[in-house]
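**Q** This is data.pdb, which holds PDB, C-alpha atoms:
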```pdb
MODEL        1
ATOM      1  CA  MET A   2     100.405  55.655  37.245
ATOM      2  CA  ILE A   3     103.076  55.187  39.909
ATOM      3  CA  ALA A   4     103.712  58.932  39.930
ATOM      4  CA  LEU A   5     100.008  59.626  40.436
ATOM      5  CA  LEU A   6      99.892  57.186  43.361
ATOM      6  CA  ILE A   7     102.842  58.914  44.980
ATOM      7  CA  LEU A   8     101.126  62.283  44.601
ATOM      8  CA  ALA A   9      97.933  60.861  46.080
ATOM      9  CA  VAL A  10      99.795  59.571  49.107
ATOM     10  CA  GLN A  11     101.533  62.915  49.568
ATOM     11  CA  ALA A  12      98.242  64.788  49.354
ATOM     12  CA  ALA A  13      96.430  62.563  51.857
ATOM     13  CA  PRO A  14      95.751  64.379  55.147
ATOM     14  CA  ALA A  15      97.876  63.355  58.090
ATOM     15  CA  LYS A  16      96.170  61.279  60.733
ATOM     16  CA  PRO A  17      94.949  63.587  63.503
ATOM     17  CA  VAL A  18      97.004  63.413  66.671
ATOM     18  CA  SER A  19      94.805  62.291  69.561
ATOM     19  CA  ALA A  20      94.101  64.535  72.549
ATOM     20  CA  GLU A  21      95.861  62.006  74.762
ATOM     21  CA  ALA A  22      98.993  62.132  72.617
ATOM     22  CA  LEU A  23      98.978  65.929  72.654
ATOM     23  CA  TRP A  24      98.588  65.925  76.431
ATOM     24  CA  ASN A  25     101.507  63.535  76.793
ATOM     25  CA  GLN A  26     103.648  65.695  74.509
ATOM     26  CA  ALA A  27     102.843  68.791  76.555
ATOM     27  CA  SER A  28     103.483  66.998  79.846
ATOM     28  CA  ARG A  29     106.871  65.719  78.710
ATOM     29  CA  ALA A  30     107.851  69.174  77.474
ATOM     30  CA  HIS A  31     106.755  70.712  80.777
ATOM     31  CA  GLN A  32     108.776  68.224  82.804
ATOM     32  CA  ALA A  33     111.796  68.957  80.623
ATOM     33  CA  GLY A  34     111.420  72.700  81.006
ATOM     34  CA  GLN A  35     110.712  73.133  77.294
ATOM     35  CA  TRP A  36     108.144  75.857  77.780
ATOM     36  CA  THR A  37     107.622  76.953  74.172
ATOM     37  CA  ARG A  38     107.140  73.369  73.038
ATOM     38  CA  CYS A  39     104.801  72.718  75.965
ATOM     39  CA  ARG A  40     102.714  75.762  75.072
ATOM     40  CA  SER A  41     102.437  74.682  71.440
ATOM     41  CA  SER A  42     101.302  71.149  72.322
ATOM     42  CA  ILE A  43      98.811  72.213  74.999
ATOM     43  CA  ARG A  44      97.263  74.794  72.672
ATOM     44  CA  LYS A  45      96.625  72.010  70.170
ATOM     45  CA  PHE A  46      95.200  69.880  72.974
ATOM     46  CA  LEU A  47      92.811  72.692  73.924
ATOM     47  CA  ASP A  48      91.661  72.958  70.325
ATOM     48  CA  VAL A  49      90.230  69.473  70.896
ATOM     49  CA  GLU A  50      89.411  69.641  74.630
ATOM     50  CA  ARG A  51      88.282  73.237  75.053
ATOM     51  CA  THR A  52      86.753  72.767  78.510
ATOM     52  CA  SER A  53      89.651  70.959  80.150
ATOM     53  CA  GLY A  54      90.516  72.728  83.397
ATOM     54  CA  LEU A  55      93.845  70.943  83.605
ATOM     55  CA  GLY A  56      94.591  71.905  80.000
ATOM     56  CA  HIS A  57      94.111  75.598  80.767
ATOM     57  CA  ALA A  58      96.160  75.148  83.942
ATOM     58  CA  LEU A  59      99.096  73.648  82.075
ATOM     59  CA  LEU A  60      98.924  76.358  79.419
ATOM     60  CA  GLY A  61      98.917  79.048  82.111
ATOM     61  CA  LEU A  62     101.924  77.475  83.819
ATOM     62  CA  CYS A  63     103.874  77.368  80.549
ATOM     63  CA  GLU A  64     103.015  81.003  79.870
ATOM     64  CA  PHE A  65     104.145  81.941  83.376
ATOM     65  CA  GLN A  66     107.559  80.420  82.745
ATOM     66  CA  LEU A  67     107.720  82.348  79.466
ATOM     67  CA  LYS A  68     106.911  85.539  81.429
ATOM     68  CA  ASP A  69     103.733  86.004  79.416
ATOM     69  CA  TYR A  70     101.867  86.949  82.562
ATOM     70  CA  ARG A  71      98.567  88.392  81.363
ATOM     71  CA  PRO A  72      97.419  85.329  79.360
ATOM     72  CA  SER A  73      98.939  83.115  82.040
ATOM     73  CA  LEU A  74      96.648  84.589  84.684
ATOM     74  CA  ALA A  75      93.632  84.395  82.365
ATOM     75  CA  HIS A  76      94.237  80.693  81.680
ATOM     76  CA  LEU A  77      94.933  79.844  85.331
ATOM     77  CA  GLU A  78      91.717  81.540  86.424
ATOM     78  CA  ARG A  79      89.841  79.825  83.597
ATOM     79  CA  ALA A  80      91.171  76.502  84.872
ATOM     80  CA  GLY A  81      89.619  77.236  88.253
ATOM     81  CA  GLU A  82      86.299  78.139  86.651
ATOM     82  CA  LEU A  83      86.212  74.938  84.597
ATOM     83  CA  GLY A  84      87.272  72.803  87.536
ATOM     84  CA  MET A  85      90.315  70.753  88.436
ATOM     85  CA  PRO A  86      90.833  67.747  90.686
ATOM     86  CA  ALA A  87      90.634  68.652  94.372
ATOM     87  CA  GLN A  88      94.183  67.403  94.865
ATOM     88  CA  GLY A  89      97.200  66.899  92.665
ATOM     89  CA  PRO A  90     100.453  68.661  91.814
ATOM     90  CA  LEU A  91      99.063  70.413  88.732
ATOM     91  CA  THR A  92      96.090  71.803  90.661
ATOM     92  CA  SER A  93      98.354  73.050  93.464
ATOM     93  CA  ALA A  94     100.793  74.619  90.993
ATOM     94  CA  ALA A  95      97.964  76.367  89.169
ATOM     95  CA  GLN A  96      96.500  77.806  92.384
ATOM     96  CA  TYR A  97      99.912  78.943  93.635
ATOM     97  CA  HIS A  98     100.892  80.681  90.393
ATOM     98  CA  ALA A  99      97.456  82.294  90.066
ATOM     99  CA  ALA A 100      97.906  83.682  93.601
ATOM    100  CA  LEU A 101     101.340  84.998  92.626
ATOM    101  CA  LEU A 102      99.974  86.753  89.555
ATOM    102  CA  GLN A 103      96.947  88.189  91.344
ATOM    103  CA  THR A 104      99.269  89.593  94.021
ATOM    104  CA  LYS A 105     101.541  91.121  91.396
ATOM    105  CA  ALA A 106      98.454  92.671  89.759
ATOM    106  CA  SER A 107      97.403  94.186  93.145
ATOM    107  CA  ASN A 108      94.299  91.959  93.315
ATOM    108  CA  PHE A 109      95.124  91.113  96.911
ATOM    109  CA  GLU A 110      91.723  89.852  98.060
ATOM    110  CA  ARG A 111      91.539  87.440  95.128
ATOM    111  CA  ALA A 112      95.085  86.264  95.864
ATOM    112  CA  LEU A 113      94.100  85.456  99.446
ATOM    113  CA  GLN A 114      91.043  83.552  98.226
ATOM    114  CA  LEU A 115      93.397  81.400  96.164
ATOM    115  CA  CYS A 116      95.719  80.928  99.149
ATOM    116  CA  ARG A 117      92.784  79.482 101.095
ATOM    117  CA  PHE A 118      93.080  76.418  98.834
ATOM    118  CA  PHE A 119      96.237  75.415 100.714
ATOM    119  CA  THR A 120      94.909  75.728 104.258
ATOM    120  CA  GLY A 121      94.013  72.618 106.202
ATOM    121  CA  ARG A 122      95.596  70.240 103.691
ATOM    122  CA  ASN A 123      99.232  70.086 104.832
ATOM    123  CA  GLU A 124     100.342  72.203 101.878
ATOM    124  CA  GLU A 125     101.198  75.381 103.792
ATOM    125  CA  SER A 126     104.795  75.516 102.574
ATOM    126  CA  PRO A 127     107.099  78.505 103.108
ATOM    127  CA  GLU A 128     106.399  79.509  99.494
ATOM    128  CA  ILE A 129     102.668  79.681 100.162
ATOM    129  CA  ALA A 130     103.256  81.701 103.344
ATOM    130  CA  VAL A 131     105.319  84.222 101.389
ATOM    131  CA  VAL A 132     102.550  84.718  98.809
ATOM    132  CA  ALA A 133      99.938  85.077 101.571
ATOM    133  CA  GLY A 134     102.200  87.580 103.327
ATOM    134  CA  LEU A 135     102.663  89.656 100.183
ATOM    135  CA  ALA A 136      98.913  89.672  99.557
ATOM    136  CA  GLY A 137      98.054  90.372 103.198
ATOM    137  CA  LEU A 138     100.499  93.270 103.371
ATOM    138  CA  ARG A 139      99.340  94.464  99.937
ATOM    139  CA  LYS A 140     102.740  94.337  98.266
ATOM    140  CA  PRO A 141     102.505  93.801  94.474
ATOM    141  CA  LEU A 142     105.720  91.810  94.225
ATOM    142  CA  PHE A 143     106.978  88.428  93.153
ATOM    143  CA  PRO A 144     108.904  86.605  95.918
ATOM    144  CA  ASP A 145     112.281  87.209  94.248
ATOM    145  CA  GLU A 146     111.617  90.963  94.384
ATOM    146  CA  ILE A 147     111.354  91.089  98.201
ATOM    147  CA  GLN A 148     114.019  93.120  99.978
ATOM    148  CA  SER A 149     116.006  91.024 102.434
ATOM    149  CA  ALA A 150     115.030  93.322 105.317
ATOM    150  CA  ASP A 151     111.330  92.565 104.699
ATOM    151  CA  ARG A 152     111.509  88.790 104.395
ATOM    152  CA  ALA A 153     110.885  87.914 108.052
ATOM    153  CA  LEU A 154     107.899  90.270 108.320
ATOM    154  CA  ILE A 155     106.328  89.001 105.105
ATOM    155  CA  PHE A 156     106.812  85.349 105.982
ATOM    156  CA  ARG A 157     105.379  85.684 109.489
ATOM    157  CA  ALA A 158     102.486  87.826 108.264
ATOM    158  CA  GLY A 159     101.802  85.132 105.685
ATOM    159  CA  ARG A 160     101.670  82.462 108.362
ATOM    160  CA  ALA A 161      99.182  84.585 110.290
ATOM    161  CA  MET A 162      97.077  85.155 107.169
ATOM    162  CA  LEU A 163      96.952  81.423 106.398
ATOM    163  CA  LEU A 164      95.904  80.661 109.967
ATOM    164  CA  ALA A 165      93.218  83.345 109.729
ATOM    165  CA  LEU A 166      91.991  81.939 106.412
ATOM    166  CA  ASP A 167      91.702  78.558 108.112
ATOM    167  CA  ARG A 168      89.723  80.179 110.971
ATOM    168  CA  ARG A 169      92.447  79.406 113.516
ATOM    169  CA  VAL A 170      91.976  82.746 115.213
ATOM    170  CA  GLU A 171      94.034  82.377 118.391
ATOM    171  CA  PRO A 172      97.368  81.377 116.812
ATOM    172  CA  ALA A 173      96.835  83.940 114.039
ATOM    173  CA  GLU A 174      96.185  86.679 116.575
ATOM    174  CA  LYS A 175      99.265  85.707 118.577
ATOM    175  CA  ILE A 176     101.480  86.208 115.519
ATOM    176  CA  PHE A 177      99.811  89.502 114.618
ATOM    177  CA  GLN A 178     100.256  90.836 118.160
ATOM    178  CA  GLU A 179     103.961  90.014 117.984
ATOM    179  CA  LEU A 180     104.252  91.645 114.563
ATOM    180  CA  VAL A 181     102.503  94.933 115.416
ATOM    181  CA  GLY A 182     104.721  95.136 118.490
ATOM    182  CA  ALA A 183     107.887  94.572 116.455
ATOM    183  CA  TYR A 184     106.862  96.543 113.352
ATOM    184  CA  PRO A 185     104.388  99.221 114.538
ATOM    185  CA  ALA A 186     104.907 101.421 111.471
ATOM    186  CA  ALA A 187     104.868  98.684 108.815
ATOM    187  CA  PRO A 188     102.464  99.685 106.028
ATOM    188  CA  ASN A 189      99.258  97.617 105.847
ATOM    189  CA  LEU A 190     100.116  95.480 108.898
ATOM    190  CA  HIS A 191      97.476  97.046 111.148
ATOM    191  CA  TYR A 192      94.945  96.693 108.342
ATOM    192  CA  ALA A 193      95.795  93.003 107.887
ATOM    193  CA  TYR A 194      95.389  92.465 111.631
ATOM    194  CA  ALA A 195      92.088  94.343 111.548
ATOM    195  CA  THR A 196      90.679  91.981 108.906
ATOM    196  CA  LEU A 197      91.047  89.174 111.447
ATOM    197  CA  LEU A 198      89.764  91.165 114.435
ATOM    198  CA  LEU A 199      86.669  92.537 112.696
ATOM    199  CA  ARG A 200      85.257  89.007 112.784
ATOM    200  CA  ALA A 201      86.574  87.973 116.196
ATOM    201  CA  ASP A 202      86.671  91.255 118.180
ATOM    202  CA  PRO A 203      85.190  94.173 116.183
ATOM    203  CA  ASP A 204      86.050  96.862 118.749
ATOM    204  CA  ARG A 205      89.729  96.016 118.562
ATOM    205  CA  GLY A 206      89.409  95.676 114.811
ATOM    206  CA  ILE A 207      88.243  99.279 114.622
ATOM    207  CA  ASP A 208      91.210 100.315 116.769
ATOM    208  CA  GLU A 209      93.615  98.657 114.322
ATOM    209  CA  LEU A 210      91.924 100.342 111.357
ATOM    210  CA  LYS A 211      92.376 103.696 113.084
ATOM    211  CA  ARG A 212      96.045 102.914 113.697
ATOM    212  CA  GLU A 213      96.470 102.200 109.984
ATOM    213  CA  LEU A 214      94.806 105.519 109.178
ATOM    214  CA  GLU A 215      97.164 107.320 111.568
ATOM    215  CA  LEU A 216     100.033 106.025 109.439
ATOM    216  CA  ASP A 217      98.240 106.718 106.148
ATOM    217  CA  PRO A 218      95.105 108.896 106.288
ATOM    218  CA  GLN A 219      94.356 108.000 102.643
ATOM    219  CA  HIS A 220      94.484 104.235 103.191
ATOM    220  CA  LEU A 221      91.517 103.265 101.039
ATOM    221  CA  PRO A 222      90.811  99.711 102.295
ATOM    222  CA  ALA A 223      90.938 100.935 105.911
ATOM    223  CA  LEU A 224      88.571 103.817 105.156
ATOM    224  CA  VAL A 225      86.111 101.506 103.400
ATOM    225  CA  SER A 226      86.275  98.872 106.146
ATOM    226  CA  LEU A 227      85.851 101.430 108.907
ATOM    227  CA  ALA A 228      82.897 103.078 107.145
ATOM    228  CA  ASP A 229      81.260  99.697 106.624
ATOM    229  CA  GLU A 230      81.731  98.673 110.261
ATOM    230  CA  LEU A 231      80.355 101.976 111.554
ATOM    231  CA  LEU A 232      77.290 101.683 109.309
ATOM    232  CA  LYS A 233      76.688  98.142 110.582
ATOM    233  CA  ARG A 234      76.647  99.558 114.106
ATOM    234  CA  GLY A 235      74.111 102.201 113.153
ATOM    235  CA  ASP A 236      76.583 105.065 113.530
ATOM    236  CA  VAL A 237      75.440 106.711 110.304
ATOM    237  CA  PRO A 238      77.011 110.196 110.774
ATOM    238  CA  GLU A 239      80.506 108.806 111.468
ATOM    239  CA  GLY A 240      80.076 106.099 108.847
ATOM    240  CA  LEU A 241      79.051 108.714 106.288
ATOM    241  CA  SER A 242      82.105 110.810 107.151
ATOM    242  CA  MET A 243      84.455 107.863 106.640
ATOM    243  CA  ALA A 244      82.669 106.834 103.442
ATOM    244  CA  GLU A 245      83.017 110.354 102.058
ATOM    245  CA  ARG A 246      86.750 110.218 102.778
ATOM    246  CA  ALA A 247      86.929 106.850 101.028
ATOM    247  CA  ALA A 248      85.154 108.197  97.928
ATOM    248  CA  ALA A 249      87.516 111.168  97.830
ATOM    249  CA  ALA A 250      90.557 108.902  98.156
ATOM    250  CA  GLY A 251      89.264 106.402  95.579
ATOM    251  CA  VAL A 252      87.455 108.447  92.938
ATOM    252  CA  ASN A 253      87.655 105.591  90.432
ATOM    253  CA  ASN A 254      87.275 102.765  92.928
ATOM    254  CA  PHE A 255      83.862 101.148  92.754
ATOM    255  CA  VAL A 256      84.020  99.835  96.347
ATOM    256  CA  ALA A 257      84.682 103.316  97.695
ATOM    257  CA  ARG A 258      81.890 104.867  95.644
ATOM    258  CA  ALA A 259      79.544 102.014  96.609
ATOM    259  CA  ILE A 260      80.126 102.422 100.349
ATOM    260  CA  TYR A 261      79.586 106.172 100.010
ATOM    261  CA  GLY A 262      76.348 105.518  98.141
ATOM    262  CA  LYS A 263      75.246 103.087 100.835
ATOM    263  CA  ALA A 264      76.047 105.627 103.569
ATOM    264  CA  LEU A 265      74.136 108.353 101.747
ATOM    265  CA  LEU A 266      71.179 106.003 101.386
ATOM    266  CA  GLU A 267      71.179 105.261 105.104
ATOM    267  CA  SER A 268      71.461 108.969 105.882
ATOM    268  CA  GLY A 269      68.315 109.619 103.815
ATOM    269  CA  ASP A 270      69.939 111.541 100.947
ATOM    270  CA  ILE A 271      68.343 109.420  98.217
ATOM    271  CA  PRO A 272      69.273 111.496  95.113
ATOM    272  CA  ALA A 273      72.942 111.635  96.148
ATOM    273  CA  ALA A 274      72.901 107.924  96.989
ATOM    274  CA  ILE A 275      71.549 107.076  93.543
ATOM    275  CA  ARG A 276      74.198 109.240  91.902
ATOM    276  CA  GLU A 277      77.039 107.513  93.767
ATOM    277  CA  LEU A 278      75.659 104.013  93.254
ATOM    278  CA  GLU A 279      75.165 104.615  89.534
ATOM    279  CA  ILE A 280      78.810 105.648  89.329
ATOM    280  CA  ALA A 281      79.810 102.489  91.223
ATOM    281  CA  ALA A 282      77.733 100.354  88.844
ATOM    282  CA  LYS A 283      79.460 101.925  85.827
ATOM    283  CA  LEU A 284      82.869 101.316  87.379
ATOM    284  CA  GLU A 285      82.038  97.654  88.121
ATOM    285  CA  PRO A 286      78.957  96.416  86.230
ATOM    286  CA  GLY A 287      79.456  92.881  87.534
ATOM    287  CA  SER A 288      79.054  93.627  91.244
ATOM    288  CA  PRO A 289      75.893  92.060  92.723
ATOM    289  CA  GLN A 290      76.192  94.131  95.901
ATOM    290  CA  VAL A 291      76.128  97.425  94.008
ATOM    291  CA  ARG A 292      73.042  96.320  92.085
ATOM    292  CA  PHE A 293      71.308  95.376  95.328
ATOM    293  CA  SER A 294      72.015  98.769  96.895
ATOM    294  CA  LEU A 295      70.977 100.580  93.722
ATOM    295  CA  SER A 296      67.704  98.636  93.639
ATOM    296  CA  ALA A 297      67.013  99.724  97.227
ATOM    297  CA  ALA A 298      67.797 103.348  96.363
ATOM    298  CA  TYR A 299      65.519 103.362  93.328
ATOM    299  CA  SER A 300      62.778 101.735  95.386
ATOM    300  CA  ARG A 301      62.989 104.420  98.052
ATOM    301  CA  ALA A 302      62.823 107.052  95.309
ATOM    302  CA  GLY A 303      59.633 105.471  93.964
ATOM    303  CA  ARG A 304      61.310 104.428  90.700
ATOM    304  CA  LYS A 305      59.745 100.980  90.645
ATOM    305  CA  ASP A 306      60.705  99.886  87.126
ATOM    306  CA  GLU A 307      64.375 100.752  87.657
ATOM    307  CA  ALA A 308      64.322  99.077  91.076
ATOM    308  CA  ALA A 309      62.929  95.888  89.519
ATOM    309  CA  ARG A 310      65.547  95.998  86.770
ATOM    310  CA  GLU A 311      68.410  96.302  89.255
ATOM    311  CA  ARG A 312      66.931  93.607  91.475
ATOM    312  CA  ALA A 313      66.769  91.223  88.492
ATOM    313  CA  GLU A 314      70.364  92.055  87.607
ATOM    314  CA  PHE A 315      71.390  91.406  91.208
ATOM    315  CA  VAL A 316      69.786  87.944  91.085
ATOM    316  CA  ARG A 317      71.489  87.175  87.760
ATOM    317  CA  LEU A 318      74.922  88.285  88.919
ATOM    318  CA  ARG A 319      74.613  86.488  92.229
ATOM    319  CA  GLY A 320      73.760  83.297  90.331
ATOM    320  CA  LEU A 321      76.897  83.684  88.225
ATOM    321  CA  ALA A 322      78.993  84.130  91.375
ATOM    322  CA  ILE A 323      77.506  81.063  93.059
ATOM    323  CA  ALA A 324      77.733  78.758  90.031
ATOM    324  CA  PRO A 325      81.531  78.096  90.170
ATOM    325  CA  ALA A 326      81.334  77.264  93.884
ATOM    326  CA  VAL A 327      78.487  74.827  93.235
ATOM    327  CA  ALA A 328      80.410  73.231  90.394
ATOM    328  CA  GLU A 329      83.478  72.853  92.593
ATOM    329  CA  ALA A 330      81.448  71.324  95.416
ATOM    330  CA  LYS A 331      80.147  68.685  93.027
TER     331      LYS A 331
ENDMDL
END
```
I need this file expressed as structure tokens, please.
**A**
Amino acid sequence: MIALLILAVQAAPAKPVSAEALWNQASRAHQAGQWTRCRSSIRKFLDVERTSGLGHALLGLCEFQLKDYRPSLAHLERAGELGMPAQGPLTSAAQYHAALLQTKASNFERALQLCRFFTGRNEESPEIAVVAGLAGLRKPLFPDEIQSADRALIFRAGRAMLLALDRRVEPAEKIFQELVGAYPAAPNLHYAYATLLLRADPDRGIDELKRELELDPQHLPALVSLADELLKRGDVPEGLSMAERAAAAGVNNFVARAIYGKALLESGDIPAAIRELEIAAKLEPGSPQVRFSLSAAYSRAGRKDEAARERAEFVRLRGLAIAPAVAEAK
């Protein structure tokens, strides 16, 4: 009988560890730099609290330290989608490391969006400026990979980018003017300056885009931006020419194919516009802008059912893009 009781006790399931206890275990391991242990505990926590933004953030930070960068970025971005407190060290760390990883992955625009989190809240540290500088100058590097000769340029460009993100145009422009004077041949610097000027002084913005293209005639972001600006001004022939160059330089880039399709549409070549926009939609099915342009092209071709389908997809995709911002605002 005693033996049976002992066996019964041994077979009894262990009492489940609470989510709070698992969180505390993970937090202690993180503070101690025990990354593997932290990852194990936070994974168990997420088995219970699947929609915890902070849980995904902590997991992503542990994975970053373990140099497991792809899942780290996925979990850090998921944390942002689920929502985190507006302030706090874990939120700031998650945003910073996500910006690092997006920069390293050459997703520079997304990295700069993440850097915007730090503007206007007294968190613009030198580390943040370096990440913003790397993203602004389109350098897919981690900070410890920067050559010593480039550090001053990257840091000052980052300060200018952060000021621009915070809509402080005058001090941002002052830094950029100093930089283009000191480093006139620095790759991507004229383009970074142009992104500021296109909002504040479009004529000068176009000049900076042209300077970038003098240094690199195949500079895809400059070609796309210049084509887009020319089309906005109604200069369809020149805009079409730039868009065609962009499509040639970025055969597999959906933005380049989309701007070419838009230019063809505005030039009146509807069949060619549809062809280009369909290619863009295949390259990036989740782009609302491409769906909108494709709907307009189908409509002008009299293909009403396809136009309605693309318009509905545009509305759906736009709703998905707006939803995280609405959730964050709440």
**Q** For Glu21 of chain A, work out the shell of residues within 12 Å, counting only C-alpha atoms and skipping chain neighbours fewer than 6 positions away, then give it as a PyMOL selection string.
**A** chain A and resi 27-28+42-43+45-47+49-50+56
**Q** The PyMOL selection byres ((chain A and resi 208) around 12) - which residues does that actually catch in the file I just gave you? List them as number ranges by chain.
**A** A: 191-192, 194-196, 198-199, 202-207, 209-215, 223, 226-227, 230
**Q** To one decimal in Å, tell me the separation between atom CA of Leu163 of chain A and atom CA of Leu101 of chain A.
**A** 14.9 Å
**Q** I need the residue set behind the PyMOL selection byres ((chain A and resi 238-243) around 9) for this file; please write it as a ChimeraX atom specification.
**A** /A:224-225,227-233,235-237,244-248,260-261,263-265,267-268
**Q** Take the PyMOL selection byres ((chain A and resi 287-293) around 12), run it mentally on this structure, and tell me the resulting residues as JSON, numbers by chain.
**A** {"A": [255, 256, 257, 258, 259, 260, 261, 262, 263, 274, 275, 277, 278, 279, 280, 281, 282, 283, 284, 285, 286, 294, 295, 296, 297, 298, 299, 300, 307, 308, 309, 310, 311, 312, 313, 314, 315, 316, 317, 318, 319, 320, 321, 322, 323]}
**Q** Could you tell me how far atom CA of Pro188 of chain A lies from atom CA of Asn254 of chain A, in Å and to one decimal?
**A**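 Atom CA of Asn254 of chain A lies 20.3 Å from atom CA of Pro188 of chain A.
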**Q** Have a look at atom CA of Ala80 of chain A and atom CA of His57 of chain A and let me know their distance in Å, one decimal.
**A** 5.1 Å
**Q** Can you list, as a PDB file with C-alpha atoms, in the frame of the given file, every protein, DNA or RNA residue that comes within 12 Å of Glu179 of chain A when you count all atoms listed in the file, leaving out same-chain residues fewer than 4 positions away?
**A**
```pdb
ATOM      1  CA  LEU A 154     107.899  90.270 108.320  1.00  0.00           C
ATOM      2  CA  ARG A 157     105.379  85.684 109.489  1.00  0.00           C
ATOM      3  CA  ALA A 158     102.486  87.826 108.264  1.00  0.00           C
ATOM      4  CA  ALA A 161      99.182  84.585 110.290  1.00  0.00           C
ATOM      5  CA  PRO A 172      97.368  81.377 116.812  1.00  0.00           C
ATOM      6  CA  ALA A 173      96.835  83.940 114.039  1.00  0.00           C
ATOM      7  CA  GLU A 174      96.185  86.679 116.575  1.00  0.00           C
ATOM      8  CA  LYS A 175      99.265  85.707 118.577  1.00  0.00           C
ATOM      9  CA  ALA A 183     107.887  94.572 116.455  1.00  0.00           C
ATOM     10  CA  TYR A 184     106.862  96.543 113.352  1.00  0.00           C
ATOM     11  CA  PRO A 185     104.388  99.221 114.538  1.00  0.00           C
ATOM     12  CA  LEU A 190     100.116  95.480 108.898  1.00  0.00           C
ATOM     13  CA  HIS A 191      97.476  97.046 111.148  1.00  0.00           C
ATOM     14  CA  TYR A 194      95.389  92.465 111.631  1.00  0.00           C
TER      15      TYR A 194
END
```
**Q** For each of A:Gly81, A:Ser107, A:Gln32, A:His98, take the minimum atom-to-atom distance to Leu62 of chain A, counting only C-alpha atoms, then give the residue where this is smallest.
**A**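 Ranked by minimum distance to Leu62 of chain A, first place goes to A:His98.
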**Q** Pick the closest to Leu23 of chain A from A:Trp36, A:Val170, A:Arg44, A:Leu216: which is it, counting all atoms listed in the file?
**A**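 So, comparing all the options, the nearest one is A:Arg44.
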**Q** Of the candidates A:Pro222, A:Gly61, A:Gly303, A:Gly89, which one gets nearest to Arg40 of chain A if we count all atoms listed in the file?
**A**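 Closest candidate: A:Gly61.
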**Q** Produce the centre coordinates and the three edge lengths, each in Å to one decimal, of the box along x, y and z that contains all listed atoms of segment 106-124 of chain A with 8 Å added on each side, as lines of an AutoDock Vina configuration file.
**A**
```
center_x = 95.7
center_y = 82.1
center_z = 98.0
size_x = 25.3
size_y = 40.1
size_z = 32.4
```
**Q** So which one's closest to Leu67 of chain A, A:Cys39, A:Val181, A:Val132, A:Ala106? Using only C-alpha atoms, please.
**A**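 Under the stated criterion, the closest residue is A:Cys39.
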**Q** Compile a residue-level contact table for segment 154-235 of chain A against segment 111-123 of chain A at a cut-off of 8 Å, reporting for every qualifying residue the shortest atom pair and its distance in Å to one decimal, with only C-alpha atoms counted, rows ordered by chain and ascending number, as CSV.
**A**
```
residue,atom,partner,partner_atom,distance
A:Leu163,CA,A:Thr120,CA,6.4
A:Leu164,CA,A:Thr120,CA,7.6
A:Leu166,CA,A:Arg117,CA,5.9
A:Asp167,CA,A:Thr120,CA,5.8
```
